[in-house]
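Colleague: Sharing a structure below in structure tokens format, with a few things to ask.
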Amino acid sequence: MYHAQPLNSLTGNLDIPGDKSTSHRIIMFGSLATGITKVRGLLEGEDVMSTIDAFRAMGVTIEKDHTKNEWIINGVGLHGLTEPNNVLNMGNSGTTTRLISGILSAQKFNSFLTGDDSLITRPMARISDPLTQMEGKFILKSKGRLPMVIQGNPNLKGIEYELPHASAQVKSAILLAGLYATGSTTVKEPIATRSYTEDLLRMCGASIKSIPYKKGFIHTIEQCKELTAPKDVFNVPADPSSCAFPVVAGLICKDSKITIKNVDSSPTRFGIYDILLQMGANIIYTNKRTVANIPLVDMEISFSELTAVEVDSDHIPSMVDEVPVLAVACAYAKGTSIINGLKELRVKESDRLQGTLDMLLSAGVKAEIVGDSLHITGTNNNVQGGGEVMANLDHRMAMSGIVLSSASKDGMEIDDVSPIQTSFPNFFEIFPAL
Ligand code: S3P
């Protein structure tokens with residue numbers, strides 16, 4: 001049990017780790033490219049280490065040059081992976097599991113995948129179904145869960161597939177299988193999700209066309225002969241999802257004033273900041289720029305009197321990981337907030353819809369789940385705290401609990417804060433008073 005105490009304020013220039021989605025992908029695509037990929041700012045959290053370990057187990061040399069603070073990936077080429085000696089353990093990482101499945105389904109060898117107690121409860125049929133249509137071969141535990149066997153098939157066929165859920169991971173699994181499949185592979189996404197797979201594969205020379213479709217895109221990838229390593233050192237920007245925790249703490253703790261530099265401000269990731277601004281948050285963007293096709297900003301955040309908001313379900317894909325911490329902001333706001341379209345939260349690292357409700361109730365905040373929506377009665381900066389948060393192996397629930405505590409009267413108990421290491425290794429340097 002971890003006791004998270006209230007904070008007086010949060011101040012200073014904060015060092016936020018590299019983006020998790022981008023870090024996974026640059027390791028994967030660097031491993032499959034021909035040539036050497038050099039990366040700065042990589043997230044060195046446990047999830048990305050699961051990706052590094054998996055590619056090392058398939059013969060890729062991935063090392064850190066500590067003097068330059070750079071990761072070096074010696075790409076083996078699209079067809080250069082070798083059979084791993086043992087089961088690939090994906091740890092807590094859904095992104096590693098789902099993306100790597102697209103790649104493994106096309107190999108000459110079979111693979112065996114498992115994960116931790118959280119990951120083995122998460123749905124994998126959402127990737128094995130479309131990949132099976134491409135003639136990938138899967139055996140899953142009952143209810144479509146890990147452990148999973150992937151029987152490699154170097155003769156995958158291209159398909160056309162419309163995503164039934166807004167999911168960048170499912171889109172990515174299909175596009176990665178599409179690198180290997182004969183002909184072209186098309187994924188229709190009715191709502192736009194993060195685009196790093198398309199963007200980074202394009203940077204490595206893959207042929208992918210994206211055309212507008214409903215509120216998203218139709219992506220078509222052609223079978224690929226070779227990916228090429230990026231010429232320049234690749235810089236991973238700060239993770240906008242990780243930033244959201246100190247940002248919300250800065251907004252709700254009186255006298256706070258923080259700056260965060262070099263944040264990825266892609267529209268598919270920035271939904272929470274649009275909503276916080278609507279709630280009256282003092283967030284100022286400076287130094288807007290685009291580097292290597294990624295939009296970046298610096299941010300200045302200070303204490304704010306927040307007001308309630310209603311979030312439309314179409315907005316959720318651009319803030320899918322930020323809902324628990326947005327709910328914390330709503331708990332401190334004035335008025336009743338409604339966040340709609342939260343079905344996907346039930347299948348994240350934990351059931352985040354139930355977990356967020358339980359966390360709020362335990363802190364003395366009135367809230368209820370109505371269908372797929374969360375209704376939160378704001379306290380106008382008057383959260384009592386004093387309760388317990390069950391993180392259930394979920395890094396973002398543990399961090400949300402700590403942020404909720406930060407401006408509360410009595411603080412909160414968190415069952416386990418160790419999962420924070422999956423995505424935010426220096427979290428406790430930023431929340432030092434705890
Ligand atoms: C991710 C996509 C999202 C997100 C996850 C990372 C990615 O999942 O929740 O943390 O890197 O593609 P879904 O695509 O399943 O919504």
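Chain labels A, B, ... are given in the sequence in which chains occur in the structure tokens; within each chain residues are numbered consecutively from 1, and ligands are likewise numbered from 1 in the order shown.
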Name the residues, by chain letter and number, that sit within 10 Å of ligand 1 using only C-alpha atoms and all ligand atoms, and give them as a ChimeraX atom specification.

Modeller: /A:19-25,93-96,98-99,123,126,165-173,193-197,241,269,316-322,344-345,347-349,396,423

Colleague: If you measure from CA of Ser242 in chain A to CA of Ile301 in chain A, what distance in Å do you get, rounded to one decimal?

Modeller: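 Rounded to one decimal, the two atoms are 14.7 Å apart.
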
Colleague: Where does DSSP see alpha helix (DSSP H) in range 303-408 of chain A, if you list the residues as a PyMOL selection string?

Modeller: chain A and resi 323-332+352-362+395-406

Colleague: Any chance you can output those residues with C-alpha atoms as a PDB file, in the first residue's frame?

Modeller:
```
ATOM      1  CA  VAL A 323      -9.840   9.595 -19.371  1.00  0.00           C
ATOM      2  CA  PRO A 324      -8.976   8.586 -15.752  1.00  0.00           C
ATOM      3  CA  VAL A 325      -6.862  11.711 -15.258  1.00  0.00           C
ATOM      4  CA  LEU A 326      -9.448  13.896 -17.031  1.00  0.00           C
ATOM      5  CA  ALA A 327     -11.983  12.488 -14.545  1.00  0.00           C
ATOM      6  CA  VAL A 328      -9.674  13.745 -11.783  1.00  0.00           C
ATOM      7  CA  ALA A 329      -9.782  17.254 -13.307  1.00  0.00           C
ATOM      8  CA  CYS A 330     -13.608  16.979 -13.467  1.00  0.00           C
ATOM      9  CA  ALA A 331     -13.693  16.005  -9.775  1.00  0.00           C
ATOM     10  CA  TYR A 332     -12.034  19.362  -8.915  1.00  0.00           C
ATOM     11  CA  ARG A 352     -10.595   1.800 -16.389  1.00  0.00           C
ATOM     12  CA  LEU A 353     -14.247   2.801 -16.479  1.00  0.00           C
ATOM     13  CA  GLN A 354     -15.050   0.865 -13.299  1.00  0.00           C
ATOM     14  CA  GLY A 355     -11.642   1.708 -11.794  1.00  0.00           C
ATOM     15  CA  THR A 356     -12.147   5.448 -12.339  1.00  0.00           C
ATOM     16  CA  LEU A 357     -15.612   5.323 -10.807  1.00  0.00           C
ATOM     17  CA  ASP A 358     -14.330   3.375  -7.771  1.00  0.00           C
ATOM     18  CA  MET A 359     -11.418   5.807  -7.351  1.00  0.00           C
ATOM     19  CA  LEU A 360     -13.705   8.856  -7.382  1.00  0.00           C
ATOM     20  CA  LEU A 361     -16.259   7.335  -4.992  1.00  0.00           C
ATOM     21  CA  SER A 362     -13.502   6.278  -2.631  1.00  0.00           C
ATOM     22  CA  HIS A 395       0.120   2.379 -14.564  1.00  0.00           C
ATOM     23  CA  ARG A 396      -2.402   5.051 -15.544  1.00  0.00           C
ATOM     24  CA  MET A 397      -4.785   4.193 -12.691  1.00  0.00           C
ATOM     25  CA  ALA A 398      -1.905   4.386 -10.183  1.00  0.00           C
ATOM     26  CA  MET A 399      -0.790   7.779 -11.547  1.00  0.00           C
ATOM     27  CA  SER A 400      -4.382   9.084 -11.651  1.00  0.00           C
ATOM     28  CA  GLY A 401      -4.783   8.121  -7.993  1.00  0.00           C
ATOM     29  CA  ILE A 402      -1.649  10.087  -7.093  1.00  0.00           C
ATOM     30  CA  VAL A 403      -2.864  13.132  -9.060  1.00  0.00           C
ATOM     31  CA  LEU A 404      -6.282  12.885  -7.365  1.00  0.00           C
ATOM     32  CA  SER A 405      -4.490  12.877  -3.991  1.00  0.00           C
ATOM     33  CA  SER A 406      -2.311  15.853  -4.869  1.00  0.00           C
TER      34      SER A 406
END
```

Colleague: Considering only C-alpha atoms, can you say which of A:Arg56, A:Arg122, A:Lys157, A:Lys257 comes closest to Ser105 in chain A?

Modeller: A:Lys157

Colleague: In terms of the shortest atom-to-atom distance over only C-alpha atoms, which of A:Met148, A:Gly115, A:Asn153, A:Trp71 is closest to Ile103 in chain A?

Modeller: A:Asn153

Colleague: Quick one: everything within 10 Å of Asn235 in chain A, counting only C-alpha atoms, minus sequence neighbours fewer than 5 positions away in the same chain. Send it as a PyMOL selection string.

Modeller: chain A and resi 18+22-23+26+38-42+70+291-292

Colleague: What does the file look like for those residues with N, CA and C atoms, as a PDB file, in the first residue's frame?

Modeller:
```
ATOM      1  N   GLY A  18      10.011   9.965 -23.152  1.00  0.00           N
ATOM      2  CA  GLY A  18       9.660   9.889 -24.566  1.00  0.00           C
ATOM      3  C   GLY A  18       8.323   9.185 -24.786  1.00  0.00           C
ATOM      4  N   THR A  22       5.561   5.934 -30.048  1.00  0.00           N
ATOM      5  CA  THR A  22       6.645   6.162 -31.005  1.00  0.00           C
ATOM      6  C   THR A  22       7.852   5.296 -30.657  1.00  0.00           C
ATOM      7  N   SER A  23       8.129   5.157 -29.351  1.00  0.00           N
ATOM      8  CA  SER A  23       9.298   4.357 -28.933  1.00  0.00           C
ATOM      9  C   SER A  23       9.148   2.902 -29.371  1.00  0.00           C
ATOM     10  N   ILE A  26       9.635   2.762 -33.289  1.00  0.00           N
ATOM     11  CA  ILE A  26      10.969   2.988 -33.858  1.00  0.00           C
ATOM     12  C   ILE A  26      11.860   1.763 -33.587  1.00  0.00           C
ATOM     13  N   LYS A  38      19.423   5.200 -35.263  1.00  0.00           N
ATOM     14  CA  LYS A  38      19.886   5.797 -33.993  1.00  0.00           C
ATOM     15  C   LYS A  38      18.751   6.601 -33.401  1.00  0.00           C
ATOM     16  N   VAL A  39      18.498   6.408 -32.106  1.00  0.00           N
ATOM     17  CA  VAL A  39      17.326   7.016 -31.473  1.00  0.00           C
ATOM     18  C   VAL A  39      17.731   7.752 -30.199  1.00  0.00           C
ATOM     19  N   ARG A  40      17.252   8.991 -30.079  1.00  0.00           N
ATOM     20  CA  ARG A  40      17.415   9.731 -28.814  1.00  0.00           C
ATOM     21  C   ARG A  40      16.054   9.959 -28.180  1.00  0.00           C
ATOM     22  N   GLY A  41      16.029  10.000 -26.871  1.00  0.00           N
ATOM     23  CA  GLY A  41      14.783  10.309 -26.154  1.00  0.00           C
ATOM     24  C   GLY A  41      13.864   9.109 -26.036  1.00  0.00           C
ATOM     25  N   LEU A  42      14.374   7.909 -26.325  1.00  0.00           N
ATOM     26  CA  LEU A  42      13.528   6.704 -26.240  1.00  0.00           C
ATOM     27  C   LEU A  42      12.978   6.551 -24.819  1.00  0.00           C
ATOM     28  N   GLU A  70      22.226   7.505 -26.747  1.00  0.00           N
ATOM     29  CA  GLU A  70      21.530   7.125 -27.988  1.00  0.00           C
ATOM     30  C   GLU A  70      21.327   5.614 -28.011  1.00  0.00           C
ATOM     31  N   VAL A 291       8.953  18.902 -36.324  1.00  0.00           N
ATOM     32  CA  VAL A 291      10.277  18.305 -36.524  1.00  0.00           C
ATOM     33  C   VAL A 291      10.061  16.859 -36.961  1.00  0.00           C
ATOM     34  N   ALA A 292      10.697  16.487 -38.081  1.00  0.00           N
ATOM     35  CA  ALA A 292      10.542  15.139 -38.648  1.00  0.00           C
ATOM     36  C   ALA A 292       9.055  14.781 -38.767  1.00  0.00           C
TER      37      ALA A 292
END
```

Colleague: Which residues come within 9 Å of Leu201 in chain A, counting only C-alpha atoms, excluding same-chain residues fewer than 6 positions away, as an NGL selection string?

Modeller: :A and (25 or 29 or 176 or 207-208 or 227)

Colleague: Would you compute the distance between CA of Ile376 in chain A and CA of Ser302 in chain A? Give it in Å to one decimal.

Modeller: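 The value is 22.9 Å.
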
Colleague: I need the residues in range 109-333 of chain A that are strand (DSSP E) according to DSSP; give them as a ChimeraX atom specification.

Modeller: /A:110-114,137-141,145-151,160-162,184-189,208-213,216-222,227-228,234-235,257-264,282-291,294-302,310-311

Colleague: When you count only C-alpha atoms, which of these residues is closest to Tyr161 in chain A: A:Leu140, A:Ile72, A:Ile430, A:Ile218?

Modeller: A:Ile218

Colleague: Write out as a list in words which residues come within 9 Å of Ile27 in chain A when counting only C-alpha atoms, dropping same-chain ones fewer than 4 positions away.

Modeller: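 Within the cut-off, the hits are Thr22, Ser23, Ser31, Leu32, Thr37, Val39, Val48, Thr51, Ile52, Phe55, Ile62 and Ile73 of chain A.
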
Colleague: Go ahead and save the picked residues with all heavy atoms, as a JSON list (two decimals), in the first residue's frame.

Modeller:
```
[["chain", "number", "residue", "atom", "x", "y", "z"],
["A", 22, "THR", "N", 5.56, 5.93, -30.05],
["A", 22, "THR", "CA", 6.65, 6.16, -31.01],
["A", 22, "THR", "C", 7.85, 5.30, -30.66],
["A", 22, "THR", "O", 8.51, 4.73, -31.55],
["A", 22, "THR", "CB", 7.02, 7.66, -31.01],
["A", 22, "THR", "OG1", 5.84, 8.40, -31.31],
["A", 22, "THR", "CG2", 8.08, 7.98, -32.04],
["A", 23, "SER", "N", 8.13, 5.16, -29.35],
["A", 23, "SER", "CA", 9.30, 4.36, -28.93],
["A", 23, "SER", "C", 9.15, 2.90, -29.37],
["A", 23, "SER", "O", 10.08, 2.31, -29.92],
["A", 23, "SER", "CB", 9.46, 4.43, -27.41],
["A", 23, "SER", "OG", 9.75, 5.76, -27.02],
["A", 31, "SER", "N", 14.36, -2.40, -36.31],
["A", 31, "SER", "CA", 14.79, -3.80, -36.34],
["A", 31, "SER", "C", 14.54, -4.42, -37.71],
["A", 31, "SER", "O", 15.34, -5.23, -38.21],
["A", 31, "SER", "CB", 14.00, -4.62, -35.30],
["A", 31, "SER", "OG", 14.30, -4.18, -34.00],
["A", 32, "LEU", "N", 13.43, -4.03, -38.35],
["A", 32, "LEU", "CA", 13.05, -4.62, -39.65],
["A", 32, "LEU", "C", 13.70, -3.90, -40.83],
["A", 32, "LEU", "O", 13.61, -4.35, -41.97],
["A", 32, "LEU", "CB", 11.52, -4.57, -39.83],
["A", 32, "LEU", "CG", 10.70, -5.40, -38.85],
["A", 32, "LEU", "CD1", 9.21, -5.21, -39.11],
["A", 32, "LEU", "CD2", 11.07, -6.88, -38.94],
["A", 37, "THR", "N", 19.63, 2.29, -37.17],
["A", 37, "THR", "CA", 18.75, 3.37, -36.70],
["A", 37, "THR", "C", 19.29, 3.87, -35.36],
["A", 37, "THR", "O", 19.58, 3.06, -34.47],
["A", 37, "THR", "CB", 17.32, 2.83, -36.53],
["A", 37, "THR", "OG1", 16.86, 2.39, -37.81],
["A", 37, "THR", "CG2", 16.36, 3.90, -36.00],
["A", 39, "VAL", "N", 18.50, 6.41, -32.11],
["A", 39, "VAL", "CA", 17.33, 7.02, -31.47],
["A", 39, "VAL", "C", 17.73, 7.75, -30.20],
["A", 39, "VAL", "O", 18.44, 7.20, -29.36],
["A", 39, "VAL", "CB", 16.28, 5.93, -31.09],
["A", 39, "VAL", "CG1", 14.99, 6.57, -30.61],
["A", 39, "VAL", "CG2", 16.01, 4.99, -32.26],
["A", 48, "VAL", "N", 8.47, -0.64, -23.25],
["A", 48, "VAL", "CA", 9.37, -0.56, -24.41],
["A", 48, "VAL", "C", 10.48, -1.60, -24.27],
["A", 48, "VAL", "O", 10.93, -2.19, -25.27],
["A", 48, "VAL", "CB", 9.92, 0.88, -24.57],
["A", 48, "VAL", "CG1", 10.91, 0.96, -25.72],
["A", 48, "VAL", "CG2", 8.75, 1.86, -24.80],
["A", 51, "THR", "N", 9.41, -4.71, -25.83],
["A", 51, "THR", "CA", 9.60, -4.70, -27.28],
["A", 51, "THR", "C", 11.08, -4.97, -27.62],
["A", 51, "THR", "O", 11.39, -5.79, -28.50],
["A", 51, "THR", "CB", 9.15, -3.35, -27.87],
["A", 51, "THR", "OG1", 7.75, -3.21, -27.64],
["A", 51, "THR", "CG2", 9.40, -3.25, -29.37],
["A", 52, "ILE", "N", 11.99, -4.29, -26.91],
["A", 52, "ILE", "CA", 13.43, -4.49, -27.17],
["A", 52, "ILE", "C", 13.80, -5.95, -26.92],
["A", 52, "ILE", "O", 14.47, -6.58, -27.76],
["A", 52, "ILE", "CB", 14.26, -3.53, -26.27],
["A", 52, "ILE", "CG1", 14.05, -2.08, -26.74],
["A", 52, "ILE", "CG2", 15.74, -3.92, -26.27],
["A", 52, "ILE", "CD1", 14.78, -1.03, -25.92],
["A", 55, "PHE", "N", 12.64, -8.28, -29.81],
["A", 55, "PHE", "CA", 13.44, -8.22, -31.04],
["A", 55, "PHE", "C", 14.85, -8.75, -30.81],
["A", 55, "PHE", "O", 15.44, -9.38, -31.71],
["A", 55, "PHE", "CB", 13.41, -6.80, -31.64],
["A", 55, "PHE", "CG", 12.11, -6.59, -32.39],
["A", 55, "PHE", "CD1", 10.99, -6.11, -31.74],
["A", 55, "PHE", "CD2", 12.00, -6.98, -33.72],
["A", 55, "PHE", "CE1", 9.78, -5.97, -32.40],
["A", 55, "PHE", "CE2", 10.78, -6.85, -34.40],
["A", 55, "PHE", "CZ", 9.67, -6.34, -33.73],
["A", 62, "ILE", "N", 20.36, -4.56, -30.29],
["A", 62, "ILE", "CA", 19.84, -3.24, -29.90],
["A", 62, "ILE", "C", 20.61, -2.85, -28.64],
["A", 62, "ILE", "O", 20.56, -3.56, -27.64],
["A", 62, "ILE", "CB", 18.32, -3.31, -29.59],
["A", 62, "ILE", "CG1", 17.55, -3.90, -30.77],
["A", 62, "ILE", "CG2", 17.78, -1.93, -29.22],
["A", 62, "ILE", "CD1", 16.07, -4.18, -30.51],
["A", 73, "ILE", "N", 20.05, 0.59, -33.17],
["A", 73, "ILE", "CA", 19.37, -0.64, -33.60],
["A", 73, "ILE", "C", 20.03, -1.09, -34.90],
["A", 73, "ILE", "O", 20.05, -0.35, -35.88],
["A", 73, "ILE", "CB", 17.87, -0.37, -33.86],
["A", 73, "ILE", "CG1", 17.25, 0.38, -32.68],
["A", 73, "ILE", "CG2", 17.13, -1.66, -34.16],
["A", 73, "ILE", "CD1", 15.97, 1.12, -33.04]]
```

Colleague: Residues near Thr186 in chain A, anyone? I mean within 10 Å using only C-alpha atoms, not counting same-chain ones fewer than 3 positions away, as a PyMOL selection string.

Modeller: chain A and resi 158-162+171+174-175+178+189+208-210+218-222

Colleague: Which residues are near Asp117 in chain A? Cut-off 9 Å, only C-alpha atoms, ignore same chain within fewer than 3 positions. Put them as number ranges by chain.

Modeller: A: 91-92, 120-121, 393

Colleague: Taking into account only C-alpha atoms, which residue in the set A:Ile275, A:Leu179, A:Lys188, A:Pro154 is nearest to Ala33 in chain A?

Modeller: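 Nearest candidate to Ala33 in chain A out of A:Ile275, A:Leu179, A:Lys188, A:Pro154: A:Leu179.
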
Colleague: Which residue out of A:Pro295, A:Pro130, A:Pro237, A:Pro212 has the minimum interatomic distance to Leu156 in chain A when only C-alpha atoms are used?

Modeller: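 Closest residue, counting only C-alpha atoms: A:Pro130.
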